[in-house]
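Here's my_file_2.cif, which has mmCIF, C-alpha atoms:
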data_structure
loop_
_atom_site.label_atom_id
_atom_site.label_comp_id
_atom_site.auth_asym_id
_atom_site.auth_seq_id
_atom_site.Cartn_x
_atom_site.Cartn_y
_atom_site.Cartn_z
CA MET D 580 89.09 87.63 128.51
CA ARG D 581 90.74 84.77 126.63
CA LEU D 582 89.30 83.18 123.50
CA LYS D 583 89.67 79.66 124.92
CA ASP D 584 87.24 80.65 127.68
CA CYS D 585 84.67 82.09 125.28
CA HIS D 586 81.55 80.85 123.55
CA VAL D 587 82.15 81.68 119.87
CA GLY D 588 79.07 82.13 117.70
CA ILE D 589 79.56 81.96 113.93
CA VAL D 590 76.97 83.50 111.63
CA GLY D 591 77.24 81.90 108.19
CA LEU D 592 78.53 78.34 107.88
CA GLY D 593 79.95 78.33 104.38
CA LEU D 594 83.55 77.62 103.44
CA ILE D 595 85.05 80.26 105.75
CA GLY D 596 82.61 80.05 108.64
CA GLY D 597 82.55 76.26 108.54
CA SER D 598 86.34 76.08 108.45
CA ILE D 599 86.64 78.49 111.39
CA ALA D 600 84.18 76.39 113.39
CA CYS D 601 85.98 73.16 112.51
CA ALA D 602 89.40 74.56 113.40
CA LEU D 603 88.21 75.93 116.74
CA LYS D 604 86.56 72.64 117.65
CA THR D 605 89.45 70.37 116.70
CA ARG D 606 92.09 72.66 118.23
CA GLY D 607 90.15 73.44 121.39
CA GLY D 608 90.40 77.13 120.63
CA ALA D 609 87.15 78.09 122.37
CA ARG D 610 85.03 76.87 125.28
CA LYS D 611 82.04 76.35 122.97
CA VAL D 612 81.41 76.84 119.26
CA SER D 613 77.92 77.47 117.90
CA GLY D 614 76.73 78.36 114.43
CA TRP D 615 73.76 79.75 112.60
CA ASP D 616 72.96 79.77 108.90
CA VAL D 617 69.89 80.68 106.85
CA ASP D 618 70.00 77.14 105.46
CA GLU D 619 68.86 74.65 108.08
CA GLU D 620 70.46 71.77 106.17
CA VAL D 621 73.83 73.51 106.48
CA MET D 622 73.42 73.79 110.25
CA LYS D 623 72.43 70.12 110.39
CA PHE D 624 75.50 69.16 108.34
CA ALA D 625 77.80 71.21 110.59
CA LYS D 626 76.37 69.62 113.73
CA GLU D 627 76.61 66.08 112.32
CA ARG D 628 80.24 66.62 111.28
CA GLY D 629 81.13 67.94 114.71
CA PHE D 630 82.03 71.42 113.47
CA ILE D 631 79.77 73.04 116.07
CA ASP D 632 78.36 72.21 119.49
CA ASN D 633 75.01 73.79 118.77
CA GLY D 634 73.35 74.74 115.50
CA ASP D 635 69.62 74.30 115.70
CA GLY D 636 68.52 77.64 117.15
CA THR D 637 67.79 81.12 115.84
CA LEU D 638 70.07 84.06 115.11
CA GLU D 639 68.74 85.73 118.25
CA GLU D 640 69.59 82.70 120.37
CA LEU D 641 73.09 82.56 118.91
CA VAL D 642 73.81 86.25 119.48
CA SER D 643 72.37 86.37 122.99
CA SER D 644 74.49 83.43 124.17
CA SER D 645 77.81 84.27 122.46
CA ASP D 646 80.86 86.00 123.89
CA VAL D 647 82.51 86.38 120.48
CA LEU D 648 80.50 86.79 117.29
CA VAL D 649 82.06 86.01 113.90
CA ILE D 650 80.08 87.17 110.86
CA ALA D 651 81.14 84.93 107.97
CA VAL D 652 78.41 85.57 105.42
CA PRO D 653 79.05 86.77 101.82
CA ALA D 654 80.52 90.28 101.72
CA GLY D 655 77.38 91.88 100.33
CA GLU D 656 75.34 90.63 103.28
CA ILE D 657 77.70 91.46 106.15
CA VAL D 658 76.31 94.88 107.03
CA ASP D 659 72.70 93.68 106.90
CA VAL D 660 73.42 90.60 109.03
CA GLY D 661 75.54 92.62 111.43
CA GLY D 662 72.67 95.05 111.84
CA LYS D 663 70.17 92.26 112.50
CA ALA D 664 72.53 90.74 115.05
CA TYR D 665 72.85 94.12 116.78
CA LEU D 666 69.07 94.27 117.22
CA CYS D 667 69.17 90.95 119.09
CA PRO D 668 69.89 90.85 122.84
CA ASN D 669 73.68 91.19 122.76
CA GLY D 670 74.76 92.09 126.26
CA ASN D 671 77.02 89.03 126.49
CA VAL D 672 78.86 89.82 123.26
CA LYS D 673 82.35 91.13 123.98
CA ALA D 674 83.78 91.03 120.44
CA VAL D 675 82.36 91.12 116.92
CA MET D 676 84.31 90.53 113.73
CA ASP D 677 83.58 89.94 110.06
CA THR D 678 85.57 87.88 107.57
CA GLY D 679 85.02 90.04 104.47
CA SER D 680 87.86 90.87 102.09
CA ALA D 681 87.25 94.65 102.03
CA LYS D 682 86.98 96.64 105.24
CA ARG D 683 86.42 100.35 104.67
CA ARG D 684 82.69 100.30 103.90
CA VAL D 685 81.69 97.17 105.79
CA GLY D 686 83.89 97.86 108.79
CA GLY D 687 82.85 101.48 108.94
CA ALA D 688 79.18 100.50 109.15
CA LEU D 689 79.72 97.75 111.72
CA SER D 690 82.01 99.95 113.81
CA GLU D 691 79.30 102.57 114.11
CA LEU D 692 76.93 99.93 115.47
CA TRP D 693 79.14 97.79 117.67
CA ARG D 694 81.63 100.54 118.57
CA GLU D 695 84.49 99.25 120.75
CA ARG D 696 83.36 95.63 120.30
CA TYR D 697 84.04 95.49 116.54
CA VAL D 698 87.27 94.60 114.73
CA GLY D 699 87.79 93.54 111.13
CA PHE D 700 89.19 90.04 110.57
CA HIS D 701 90.31 88.72 107.18
CA PRO D 702 91.90 85.26 106.98
CA MET D 703 93.90 85.12 103.74
CA ALA D 704 92.88 81.63 102.69
CA GLY D 705 90.10 80.07 100.70
CA ARG D 706 89.21 77.78 97.83
CA GLU D 707 87.68 78.37 94.43
CA ASN D 708 84.65 76.28 95.47
CA GLY D 709 82.73 77.51 98.49
CA GLY D 710 80.15 75.93 100.76
CA ILE D 711 80.42 73.92 103.94
CA ASN D 712 81.05 70.76 101.91
CA ASN D 713 84.47 72.23 101.09
CA ALA D 714 85.23 73.44 104.63
CA SER D 715 88.43 72.17 106.22
CA CYS D 716 89.85 72.28 109.73
CA ASP D 717 93.26 73.01 108.20
CA LEU D 718 92.22 75.72 105.73
CA PHE D 719 93.94 78.46 107.73
CA GLN D 720 97.06 76.52 108.66
CA GLY D 721 99.98 78.86 108.00
CA ALA D 722 97.70 81.60 106.68
CA LEU D 723 97.99 85.28 107.52
CA CYS D 724 94.93 86.82 109.15
CA ALA D 725 94.56 90.57 108.80
CA VAL D 726 93.31 92.23 111.99
CA VAL D 727 91.77 95.62 111.20
CA PRO D 728 90.89 97.88 114.16
CA PHE D 729 88.71 100.96 113.73
CA ALA D 730 88.68 104.17 115.74
CA HIS D 731 86.43 102.77 118.46
CA THR D 732 87.95 99.28 118.70
CA SER D 733 89.23 98.32 122.15
CA GLU D 734 92.63 96.73 122.62
CA GLU D 735 91.04 93.71 124.27
CA VAL D 736 88.96 93.01 121.16
CA VAL D 737 92.04 93.32 118.93
CA GLU D 738 93.83 90.80 121.11
CA ILE D 739 90.90 88.37 120.86
CA ALA D 740 91.10 88.59 117.05
CA GLU D 741 94.82 87.86 117.24
CA GLU D 742 94.09 84.87 119.48
CA LEU D 743 91.57 83.66 116.90
CA ALA D 744 94.20 83.79 114.16
CA SER D 745 96.53 81.69 116.29
CA ALA D 746 93.74 79.25 117.23
CA LEU D 747 93.06 78.68 113.53
CA GLY D 748 96.70 77.74 112.93
CA GLY D 749 97.65 81.03 111.33
CA SER D 750 99.36 84.29 112.21
CA SER D 751 98.04 87.83 112.51
CA LEU D 752 99.01 91.29 111.33
CA ARG D 753 97.39 94.54 112.44
CA MET D 754 96.64 97.15 109.80
CA ASP D 755 94.38 100.13 109.20
CA PRO D 756 91.31 99.78 106.91
CA LEU D 757 92.76 101.65 103.93
CA SER D 758 96.07 99.77 104.01
CA HIS D 759 94.16 96.51 104.21
CA ASP D 760 91.96 97.34 101.23
CA ARG D 761 94.91 98.53 99.16
CA ALA D 762 96.80 95.31 99.86
CA ALA D 763 93.71 93.18 99.24
CA ALA D 764 93.15 94.98 95.93
CA CYS D 765 96.69 94.23 94.76
CA LEU D 766 97.18 90.74 96.13
CA SER D 767 93.70 89.21 96.11
CA HIS D 768 91.09 91.11 94.10
CA PHE D 769 93.26 92.10 91.13
CA PRO D 770 94.50 88.50 90.61
CA MET D 771 90.89 87.30 90.53
CA LEU D 772 90.09 89.68 87.68
CA LEU D 773 93.25 88.79 85.77
CA SER D 774 92.30 85.13 86.16
CA MET D 775 88.95 85.92 84.51
CA VAL D 776 90.64 87.46 81.47
CA LEU D 777 92.68 84.38 80.55
CA PRO D 778 89.84 81.96 79.69
CA LEU D 779 87.85 84.76 78.07
CA VAL D 780 90.70 85.58 75.67
CA ALA D 781 91.57 81.93 75.03
CA ALA D 782 88.00 80.91 74.23
CA GLU D 783 87.54 83.96 72.00
CA GLN D 784 90.73 83.41 70.06
CA MET D 785 90.30 79.63 69.70
CA LYS D 786 86.77 79.49 68.32
CA ASP D 787 88.05 77.56 65.31
CA LEU D 788 90.47 75.47 67.39
CA GLU D 789 88.20 74.02 70.06
CA GLY D 790 89.51 70.56 69.25
CA LEU D 791 92.85 71.70 70.66
CA PHE D 792 91.52 72.78 74.08
CA SER D 793 93.11 69.59 75.41
CA MET D 794 96.46 71.38 75.13
CA ALA D 795 95.51 73.43 78.19
CA SER D 796 97.74 72.13 80.96
CA GLY D 797 99.34 73.26 84.21
CA GLY D 798 100.14 76.82 83.19
CA PHE D 799 96.62 77.60 82.02
CA ARG D 800 94.99 75.79 84.93
CA ASP D 801 97.16 77.52 87.54
CA THR D 802 96.77 81.03 86.18
CA SER D 803 93.02 80.75 85.50
CA ARG D 804 92.06 78.80 88.63
CA LEU D 805 90.47 81.73 90.45
CA SER D 806 88.03 82.30 87.59
CA SER D 807 86.24 79.08 88.55
CA GLY D 808 84.98 80.69 91.76
CA PRO D 809 81.43 81.97 92.26
CA SER D 810 80.49 85.03 90.21
CA TRP D 811 78.82 86.70 93.19
CA LEU D 812 82.16 86.72 95.01
CA VAL D 813 83.80 88.71 92.22
CA ALA D 814 80.81 91.04 91.97
CA GLN D 815 80.79 91.85 95.68
CA MET D 816 84.54 92.33 95.75
CA TRP D 817 84.26 94.73 92.83
CA GLU D 818 81.39 96.63 94.41
CA GLN D 819 83.25 97.23 97.64
CA ASN D 820 86.79 97.90 96.43
CA GLN D 821 86.60 99.00 92.80
CA ASP D 822 88.07 102.44 93.46
CA LEU D 823 91.35 100.74 94.42
CA ILE D 824 91.16 97.96 91.82
CA ARG D 825 90.45 100.08 88.74
CA PRO D 826 93.88 101.83 88.72
CA LEU D 827 95.53 98.40 88.89
CA LEU D 828 93.63 97.24 85.81
CA LEU D 829 94.67 100.38 83.94
CA ARG D 830 98.31 99.86 84.95
CA ALA D 831 98.12 96.24 83.78
CA GLU D 832 96.71 97.43 80.46
CA SER D 833 99.64 99.82 80.16
CA LEU D 834 102.20 97.11 80.92
CA LEU D 835 100.62 94.72 78.42
CA GLY D 836 100.90 97.48 75.84
CA GLU D 837 104.59 97.86 76.67
CA ILE D 838 105.11 94.12 76.27
CA ALA D 839 103.28 94.14 72.94
CA GLY D 840 105.68 96.79 71.65
CA SER D 841 108.85 95.33 73.16
CA SER D 842 111.82 93.63 71.57
CA THR D 843 112.91 90.16 72.67
CA ASP D 844 115.63 91.61 74.88
CA GLU D 845 113.16 93.98 76.52
CA VAL D 846 110.75 91.11 77.20
CA ILE D 847 113.59 89.19 78.85
CA LYS D 848 114.32 92.15 81.13
CA MET D 849 110.63 92.49 82.07
CA ALA D 850 110.40 88.75 82.78
CA GLN D 851 113.47 88.93 85.01
CA LYS D 852 112.07 91.93 86.86
CA ALA D 853 108.71 90.17 87.30
CA LYS D 854 110.44 87.13 88.80
CA SER D 855 112.36 89.34 91.21
CA CYS D 856 109.20 91.22 92.21
CA ARG D 857 107.32 87.98 92.80
CA GLU D 858 110.06 86.64 95.05
CA LYS D 859 110.13 89.89 97.00
CA ILE D 860 106.35 89.93 97.48
CA LEU D 861 106.11 86.32 98.53
CA GLY D 862 109.30 86.46 100.56
CA MET D 863 110.22 83.13 99.02
CA SER D 864 107.38 81.68 101.11
CA VAL D 865 105.79 79.54 98.42
CA SER D 866 108.13 76.63 99.13
CA LYS D 867 107.50 76.97 102.86
CA ARG D 868 103.73 77.33 102.86
CA GLY D 869 102.80 75.28 99.80
CA ASP D 870 100.02 76.18 97.39
CA ARG D 871 97.42 77.95 99.49
CA ASP D 872 94.36 79.28 97.70
CA GLU D 873 93.89 82.89 98.72
CA GLN D 874 90.74 84.93 98.32
#

Write out the structure in this file as structure tokens.
Amino acid sequence: MRLKDCHVGIVGLGLIGGSIACALKTRGGARKVSGWDVDEEVMKFAKERGFIDNGDGTLEELVSSSDVLVIAVPAGEIVDVGGKAYLCPNGNVKAVMDTGSAKRRVGGALSELWRERYVGFHPMAGRENGGINNASCDLFQGALCAVVPFAHTSEEVVEIAEELASALGGSSLRMDPLSHDRAAACLSHFPMLLSMVLPLVAAEQMKDLEGLFSMASGGFRDTSRLSSGPSWLVAQMWEQNQDLIRPLLLRAESLLGEIAGSSTDEVIKMAQKAKSCREKILGMSVSKRGDRDEQ
């Protein structure tokens, strides 16, 4: 089974689901693209913009007619929605995937239901403002999509997920659930929490200098950008992956303490090491990929 021959049904037409639908439609990545959302106005918007072929039915109608089901609802709702979808007639469904940013708990639950038909799928791209109004056909261009098989996942389903990554304009990388969640904690969730700290500290320490807030420029905007995202996103990320995030926060606290007690020469050495680590992690890819907002 090839993705281009499939009817892809997308549950949840927000930023991620809407962008997946748009990319598949414009790139011809699937035979048909349908969508369902709890908000009828969102489905109407998606249909009018040409993101989907069909978007005026029920969840049951979407599931029963789809070959590939993509669950793109907020992380805290994935298991519930995946369970409701499973209770619908689903004999045609060959592959099911979710777009959440943590896989152990969510994927474990969905894998028990959908068995060999389930694989985790996490496109590493996003924007600080969600909703279908911010969806883009090019959101995943050049982005890495994590493909996360579970014990029951069939090879055919993994390959469909990899085809989806390519159809969105990105690339794919297979990984196990724990490795995925560890990497997501370090490279996605931890930065979101650090981004929250910056405006909190600045506002607290500048209570008597609010007239000078206009001095905030590129450095502050860039490093605090993620804190402008929805609070529920941070809360759900924390709920699902806090066991792996908490040690990172404690290590950051320790490093900040070291900096606070360092000499100028020691700070220079730490700054040089940080630069080297950043270049190693990014593989000098920033100049190649541009500024891509990652969630």

key: Residues matched by the PyMOL selection byres ((chain D and resi 624-628) around 10), written as a list in words   =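 After applying the PyMOL selection byres ((chain D and resi 624-628) around 10), what remains is Leu592, Gly593, Gly597, Ala600, Cys601, Ser613, Gly614, Trp615, Asp616, Glu619, Glu620, Val621, Met622, Lys623, Gly629, Phe630, Ile631, Asp632, Asn633, Gly634, Asp635, Ile711, Asn712 and Ala714 of chain D.
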
request  = One decimal, Å: what's the distance from atom CA of Arg761 of chain D over to atom CA of Met816 of chain D, could you say?
outcome  = 12.6 Å

request  = Determine the residue set returned by the PyMOL selection byres ((chain D and resi 699) around 9) for the present structure, and present it as a list in words.
outcome  = Val675, Met676, Asp677, Thr678, Gly679, Lys682, Val685, Gly686, Tyr697, Val698, Phe700, His701, Ala725, Val726, Val727, Pro728, Phe729, Val737, Ala740 and Pro756 of chain D

note = Expressed in Å, the length from atom CA of Arg606 of chain D to atom CA of Asn671 of chain D is 23.7 Å

task = Name the closest residue to Val780 of chain D among the candidates D:Ser803, D:Ala602, D:Phe719, D:Val612; distances are taken between atoms, counting all atoms listed in the file.
result =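 For Val780 of chain D, the nearest of the given residues is D:Ser803.
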
inquiry  = With distances taken over only C-alpha atoms, which residue among D:Ala795, D:Ile838, D:Arg696, D:Gly596 lies nearest Glu734 of chain D?
reply    =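 Selected residue with least distance to Glu734 of chain D: D:Arg696.
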
ask   = Do you have the atom CA of Pro826 of chain D-atom CA of Phe769 of chain D distance handy?
value =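 Those two atoms sit 10.0 Å apart.
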
query = Using all atoms listed in the file, which of the listed residues (D:Ser855, D:Ser758, D:Met580, D:Leu641) sits closest to Leu823 of chain D?
reply =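 Counting all atoms listed in the file, the residue closest to Leu823 of chain D is D:Ser758.
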
key: Pick from D:Leu812, D:Leu723, D:Ile657, D:Ala609 nearest to Glu707 of chain D, counting only C-alpha atoms   = D:Leu812

task = For each of D:Ser751, D:Asn820, D:Ser807, D:Ser690, take the minimum atom-to-atom distance to Gly661 of chain D, counting all atoms listed in the file, then give the residue where this is smallest.
result = D:Ser690

task = Point out the residue among D:Val590, D:Leu829, D:Leu603, D:Ala730 with the least atom-to-atom distance to Glu640 of chain D, counting only C-alpha atoms.
result =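 When distances to Glu640 of chain D are compared using only C-alpha atoms, the smallest one comes from D:Val590.
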
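Near Gly748 of chain D, within a cut-off of 9 Å and counting only C-alpha atoms, sit the residues Ala602, Arg606, Asp717, Leu718, Phe719, Gln720, Gly721, Ala722, Leu743 and Ala744 of chain D, with same-chain residues fewer than 4 positions away left out.
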
inquiry  = Please expand the PyMOL selection byres ((chain D and resi 819) around 9) into the concrete residues it hits in this file, giving the result as a list in words.
reply    = Ala654, Gly655, Ala681, Lys682, Arg683, Arg684, Val685, Ala814, Gln815, Met816, Trp817, Glu818, Asn820, Gln821 and Asp822 of chain D

As a CSV table (one decimal), keeping the file's coordinate frame, please: segment 834-855 of chain D completed to N, CA and C atoms.
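Once written, part-v2.csv looks like this:
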chain,number,residue,atom,x,y,z
D,834,LEU,N,101.1,98.0,81.0
D,834,LEU,CA,102.2,97.1,80.9
D,834,LEU,C,102.1,96.1,79.8
D,835,LEU,N,100.8,95.6,79.5
D,835,LEU,CA,100.6,94.7,78.4
D,835,LEU,C,100.9,95.4,77.1
D,836,GLY,N,100.6,96.7,77.0
D,836,GLY,CA,100.9,97.5,75.8
D,836,GLY,C,102.4,97.6,75.6
D,837,GLU,N,103.1,97.8,76.8
D,837,GLU,CA,104.6,97.9,76.7
D,837,GLU,C,105.2,96.5,76.2
D,838,ILE,N,104.6,95.4,76.7
D,838,ILE,CA,105.1,94.1,76.3
D,838,ILE,C,104.8,93.9,74.8
D,839,ALA,N,103.7,94.3,74.3
D,839,ALA,CA,103.3,94.1,72.9
D,839,ALA,C,104.2,94.9,72.0
D,840,GLY,N,104.8,96.0,72.5
D,840,GLY,CA,105.7,96.8,71.6
D,840,GLY,C,107.1,96.6,71.9
D,841,SER,N,107.5,95.5,72.7
D,841,SER,CA,108.8,95.3,73.2
D,841,SER,C,109.6,94.4,72.2
D,842,SER,N,110.9,94.6,72.3
D,842,SER,CA,111.8,93.6,71.6
D,842,SER,C,112.0,92.4,72.4
D,843,THR,N,112.6,91.4,71.9
D,843,THR,CA,112.9,90.2,72.7
D,843,THR,C,113.7,90.5,73.9
D,844,ASP,N,114.8,91.3,73.7
D,844,ASP,CA,115.6,91.6,74.9
D,844,ASP,C,114.9,92.4,76.0
D,845,GLU,N,114.0,93.2,75.5
D,845,GLU,CA,113.2,94.0,76.5
D,845,GLU,C,112.2,93.1,77.3
D,846,VAL,N,111.6,92.1,76.5
D,846,VAL,CA,110.8,91.1,77.2
D,846,VAL,C,111.5,90.3,78.2
D,847,ILE,N,112.8,89.9,77.9
D,847,ILE,CA,113.6,89.2,78.8
D,847,ILE,C,113.8,90.0,80.1
D,848,LYS,N,114.1,91.3,80.0
D,848,LYS,CA,114.3,92.2,81.1
D,848,LYS,C,113.1,92.3,82.0
D,849,MET,N,111.9,92.4,81.3
D,849,MET,CA,110.6,92.5,82.1
D,849,MET,C,110.3,91.2,82.8
D,850,ALA,N,110.6,90.0,82.2
D,850,ALA,CA,110.4,88.8,82.8
D,850,ALA,C,111.3,88.6,84.0
D,851,GLN,N,112.5,89.0,83.9
D,851,GLN,CA,113.5,88.9,85.0
D,851,GLN,C,113.0,89.8,86.2
D,852,LYS,N,112.5,91.0,85.8
D,852,LYS,CA,112.1,91.9,86.9
D,852,LYS,C,110.8,91.4,87.5
D,853,ALA,N,109.9,90.8,86.7
D,853,ALA,CA,108.7,90.2,87.3
D,853,ALA,C,109.1,89.1,88.3
D,854,LYS,N,110.0,88.2,87.9
D,854,LYS,CA,110.4,87.1,88.8
D,854,LYS,C,111.0,87.7,90.1
D,855,SER,N,111.8,88.7,90.0
D,855,SER,CA,112.4,89.3,91.2
D,855,SER,C,111.3,90.0,92.1
